[in-house]
Structure formats: structure tokens, C-alpha cells
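Everything on this sheet refers to the single structure shown next.
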Amino acid sequence: MSRYIVPNVPAFKLNYDAGDMAILALEAVLKALDKPYPNWWLSSVYGETFKFVYDRGDVFEPMRDRVPLDIFGIACAAVGIEGRWIVNKSMKEVKKLVRNSLKQGMPVLAPYLAESYHGMTIITGIDENENLLLQVGKEDLEKGHEYVAQQIPNKWNGPVPGPIIWADNPIFIIKEIENPPDENKVIKQTLNRAIKPHNGSLFHILVILGHRNTVFLY
């Protein structure tokens, strides 16, 4: 059986109270792909900064960022990555998709897959014994970033950011785009998203977004 491993995917903070493990996991994946965008910037472009406008329901820990937006899809598009959720597929199909992604050097994001906690997980490899190699959230990031081996389950389920809400065998597959969008365009799209929240109301907002020593004021 072939062994596929994506090296150097860093660990991310296991943080139940803040509920931001999803975007921290995405930040770790992007770092491994040599796209070191900080989590605060990713949170801004996908709309977490303006969540108070539309998130009026009860908090479901620890995926507090399960918002009506596809936060991964939006954040990935902003940095030149195409990503899509694949849900409710058989494990045979999921394993094939994961193998193909890993073979191309792309980790796979999977909510609620880890046996040790509820939250986001990164699939970084499959070994010759059909074990998954996972990068997981860790309380102490100074203790190393080693991957965790886990047997492939027959089935699992978990929350999915965006309108899907909850699904069986959810995975987020990504691939790099050659021509990422202009950052000014990304920020303007973000601000448009902020002033047209899901309930249809409008409000005025002044925001400063900075990245790579540049400050944008609108």
C-alpha cells in the first residue's frame, strides 16, 4: 500500500473557549503551503470580524465559527487557493479523494475526525498500514509538532462552516491557483460582505485592515 505524507504541517492551538480552531487549522495548512497568512487576516477576509451582525443563535462549542458563510472557501479564495467541501460520501470515496490530495502535496481539513477532541483536524498523510496521519490541536505548541496516527474510521460526522451545518464524513479539499486575486480587490469584497449582512440590513462601518506592513483604510 502506498504511503503519502505532506511534511511540515505545523500544529495549531487547541482552544475550546475561543472557538477558533477551524481558522487556526487553516492557518497551519497555508503555512505548510508557503502562504503564511495570519489567522486574524483570514478571519477578516471571510467575515468573522462582522459576525455580530448575523450570528444570533446559541453558541455550539468548540466550533463557534460555524457561521452562515463558507469561511474556508472565502479565505482560501482570498489567498489564491481553490477549496471545496465534500460531504456525505462513502469512506471508500473519501479515502480516494484524500489520497489524491495528499499525493499532490495538499493536506485535507476534516472537522471532528480526531479521537482525542471535538474540533478541526488536518489529514497530513496515510501510511502503509492504512492509518491516517493527523495534525491536531495541541494545548502546548512548544512540545513538538509530530503527527498523530489514527485508524481510518468506518464513518464520522461533524459541523461544517457554511449553510451545510452538519454532515457525514466531511472533508475540505484544496488546490492552488496560479493567479491569486489582487489584495485590494479582496479587501473591497470583504467590506461589501460586511455591509450587506445576511438579514439584508445595511450599516456604515469604518475598518482598517493591514497585511504585510500595509494598511488599508476605507
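The way I read the labels, and the way they are meant: chains A, B, ... in the order of the C-alpha cells, residue 1 as the first residue of every chain, and ligand 1 as the first ligand shown, with later ones counted on from there.
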Sel. of helix (DSSP H, G or I) residues, stretch 1-149 of chain A, as a ChimeraX atom specification: /A:21-32,39-46,48-53,71-78,91-103,141-143
Quick one: residues within 10 Å of stretch 151-159 of chain A, only C-alpha atoms counted, chain neighbours fewer than 5 positions away excluded, as a PyMOL selection string? chain A and resi 60+63+66+87-92+95+110-115+118-120+126+129-133+164-171
Calculate how many Å separate atom CA of A:Leu102 from atom CA of A:Trp41, rounding to one decimal.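 Result for atom CA of A:Leu102 versus atom CA of A:Trp41: 26.2 Å, one decimal.
Checking A:Ile173, A:Ile187, A:Val94, A:Val9 one by one against A:Leu42, counting only C-alpha atoms, you find the shortest gap at A:Ile187.
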Which polymer residues have any atom within 8 Å of an atom of A:Phe72, counting only C-alpha atoms, with same-chain residues fewer than 2 positions away left out, as a list in words? Ile23, Leu26, Tyr46, Asp70, Ile74, Ala75, Cys76, Gly83 and Pro161 of chain A
Dump as a PDB file, in the first residue's frame, selection limited to all heavy atoms:
```pdb
ATOM      1  N   ILE A  23     -10.153  28.141  11.972  1.00  0.00           N
ATOM      2  CA  ILE A  23      -9.312  29.073  11.226  1.00  0.00           C
ATOM      3  C   ILE A  23      -7.843  28.907  11.605  1.00  0.00           C
ATOM      4  O   ILE A  23      -6.940  29.141  10.787  1.00  0.00           O
ATOM      5  CB  ILE A  23      -9.786  30.534  11.421  1.00  0.00           C
ATOM      6  CG1 ILE A  23      -9.372  31.390  10.208  1.00  0.00           C
ATOM      7  CG2 ILE A  23      -9.303  31.128  12.734  1.00  0.00           C
ATOM      8  CD1 ILE A  23     -10.046  31.004   8.920  1.00  0.00           C
ATOM      9  N   LEU A  26      -6.681  26.107   9.414  1.00  0.00           N
ATOM     10  CA  LEU A  26      -6.469  26.593   8.046  1.00  0.00           C
ATOM     11  C   LEU A  26      -5.171  27.390   7.958  1.00  0.00           C
ATOM     12  O   LEU A  26      -4.413  27.254   6.991  1.00  0.00           O
ATOM     13  CB  LEU A  26      -7.646  27.449   7.605  1.00  0.00           C
ATOM     14  CG  LEU A  26      -7.536  28.057   6.203  1.00  0.00           C
ATOM     15  CD1 LEU A  26      -7.401  26.971   5.143  1.00  0.00           C
ATOM     16  CD2 LEU A  26      -8.726  28.951   5.901  1.00  0.00           C
ATOM     17  N   TYR A  46     -12.874  36.571   5.552  1.00  0.00           N
ATOM     18  CA  TYR A  46     -14.058  35.739   5.368  1.00  0.00           C
ATOM     19  C   TYR A  46     -15.273  36.268   6.100  1.00  0.00           C
ATOM     20  O   TYR A  46     -16.395  35.817   5.875  1.00  0.00           O
ATOM     21  CB  TYR A  46     -13.807  34.266   5.726  1.00  0.00           C
ATOM     22  CG  TYR A  46     -13.737  33.908   7.193  1.00  0.00           C
ATOM     23  CD1 TYR A  46     -14.867  33.987   8.013  1.00  0.00           C
ATOM     24  CD2 TYR A  46     -12.568  33.405   7.752  1.00  0.00           C
ATOM     25  CE1 TYR A  46     -14.810  33.616   9.349  1.00  0.00           C
ATOM     26  CE2 TYR A  46     -12.506  33.032   9.067  1.00  0.00           C
ATOM     27  CZ  TYR A  46     -13.627  33.134   9.870  1.00  0.00           C
ATOM     28  OH  TYR A  46     -13.569  32.755  11.190  1.00  0.00           O
ATOM     29  N   ASP A  70     -19.259  30.162   4.118  1.00  0.00           N
ATOM     30  CA  ASP A  70     -18.240  29.142   3.908  1.00  0.00           C
ATOM     31  C   ASP A  70     -16.886  29.788   4.183  1.00  0.00           C
ATOM     32  O   ASP A  70     -16.199  30.259   3.278  1.00  0.00           O
ATOM     33  CB  ASP A  70     -18.314  28.615   2.474  1.00  0.00           C
ATOM     34  CG  ASP A  70     -17.232  27.582   2.179  1.00  0.00           C
ATOM     35  OD1 ASP A  70     -16.492  27.200   3.108  1.00  0.00           O
ATOM     36  OD2 ASP A  70     -17.125  27.167   1.012  1.00  0.00           O
ATOM     37  N   ILE A  74     -14.067  31.088   1.329  1.00  0.00           N
ATOM     38  CA  ILE A  74     -13.818  32.514   1.136  1.00  0.00           C
ATOM     39  C   ILE A  74     -12.369  32.864   1.459  1.00  0.00           C
ATOM     40  O   ILE A  74     -11.693  33.566   0.702  1.00  0.00           O
ATOM     41  CB  ILE A  74     -14.774  33.341   2.012  1.00  0.00           C
ATOM     42  CG1 ILE A  74     -16.221  33.142   1.559  1.00  0.00           C
ATOM     43  CG2 ILE A  74     -14.410  34.826   1.961  1.00  0.00           C
ATOM     44  CD1 ILE A  74     -17.248  33.723   2.502  1.00  0.00           C
ATOM     45  N   ALA A  75     -11.869  32.371   2.594  1.00  0.00           N
ATOM     46  CA  ALA A  75     -10.495  32.684   2.999  1.00  0.00           C
ATOM     47  C   ALA A  75      -9.486  32.105   2.017  1.00  0.00           C
ATOM     48  O   ALA A  75      -8.491  32.758   1.679  1.00  0.00           O
ATOM     49  CB  ALA A  75     -10.229  32.156   4.410  1.00  0.00           C
ATOM     50  N   CYS A  76      -9.722  30.889   1.533  1.00  0.00           N
ATOM     51  CA  CYS A  76      -8.803  30.282   0.568  1.00  0.00           C
ATOM     52  C   CYS A  76      -8.783  31.057  -0.744  1.00  0.00           C
ATOM     53  O   CYS A  76      -7.717  31.298  -1.317  1.00  0.00           O
ATOM     54  CB  CYS A  76      -9.200  28.831   0.315  1.00  0.00           C
ATOM     55  SG  CYS A  76      -8.723  27.690   1.624  1.00  0.00           S
ATOM     56  N   GLY A  83     -10.878  25.895  -2.813  1.00  0.00           N
ATOM     57  CA  GLY A  83     -11.254  24.878  -1.839  1.00  0.00           C
ATOM     58  C   GLY A  83     -12.731  24.566  -1.895  1.00  0.00           C
ATOM     59  O   GLY A  83     -13.541  25.430  -2.213  1.00  0.00           O
ATOM     60  N   PRO A 161     -18.572  24.576   8.463  1.00  0.00           N
ATOM     61  CA  PRO A 161     -18.825  26.011   8.282  1.00  0.00           C
ATOM     62  C   PRO A 161     -19.583  26.275   6.997  1.00  0.00           C
ATOM     63  O   PRO A 161     -19.263  25.719   5.950  1.00  0.00           O
ATOM     64  CB  PRO A 161     -17.420  26.612   8.236  1.00  0.00           C
ATOM     65  CG  PRO A 161     -16.563  25.624   8.956  1.00  0.00           C
ATOM     66  CD  PRO A 161     -17.149  24.280   8.630  1.00  0.00           C
TER      67      PRO A 161
END
```
Running DSSP on the backbone, which parts of stretch 15-170 of chain A land in strand (DSSP E or B), as a ChimeraX atom specification? /A:81-86,108-111,120-126,131-135,137-138,148-151,157-160,165-168
So that I can check the surroundings of A:Asp127, please list as a PyMOL selection string every protein, DNA and RNA residue that reaches within 9 Å of it, counting only C-alpha atoms and ignoring chain neighbours fewer than 5 positions away. chain A and resi 1-5+132-133+149
Export of prior selection with N, CA and C atoms as a compact mmCIF listing (two decimals), in the first residue's frame:
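Dumped everything to out-v8.txt:
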```txt
# COMPACT_ATOMS: atom_id res chain seq x y z
N MET A 1 0.85 -1.20 0.00
CA MET A 1 0.00 0.00 0.00
C MET A 1 0.88 1.25 0.00
N SER A 2 0.57 2.20 -0.87
CA SER A 2 1.38 3.40 -0.98
C SER A 2 1.25 4.28 0.25
N ARG A 3 2.34 4.97 0.59
CA ARG A 3 2.38 5.87 1.74
C ARG A 3 2.51 7.30 1.22
N TYR A 4 1.59 8.16 1.64
CA TYR A 4 1.61 9.56 1.23
C TYR A 4 1.64 10.43 2.48
N ILE A 5 2.60 11.35 2.55
CA ILE A 5 2.72 12.24 3.70
C ILE A 5 3.08 13.64 3.22
N LEU A 132 -4.44 6.93 9.20
CA LEU A 132 -4.37 8.35 8.90
C LEU A 132 -3.28 8.98 9.75
N LEU A 133 -2.55 9.92 9.20
CA LEU A 133 -1.60 10.72 9.97
C LEU A 133 -2.20 12.12 10.08
N ALA A 149 -0.98 9.21 14.61
CA ALA A 149 -1.52 8.13 13.78
C ALA A 149 -2.87 7.70 14.33
```
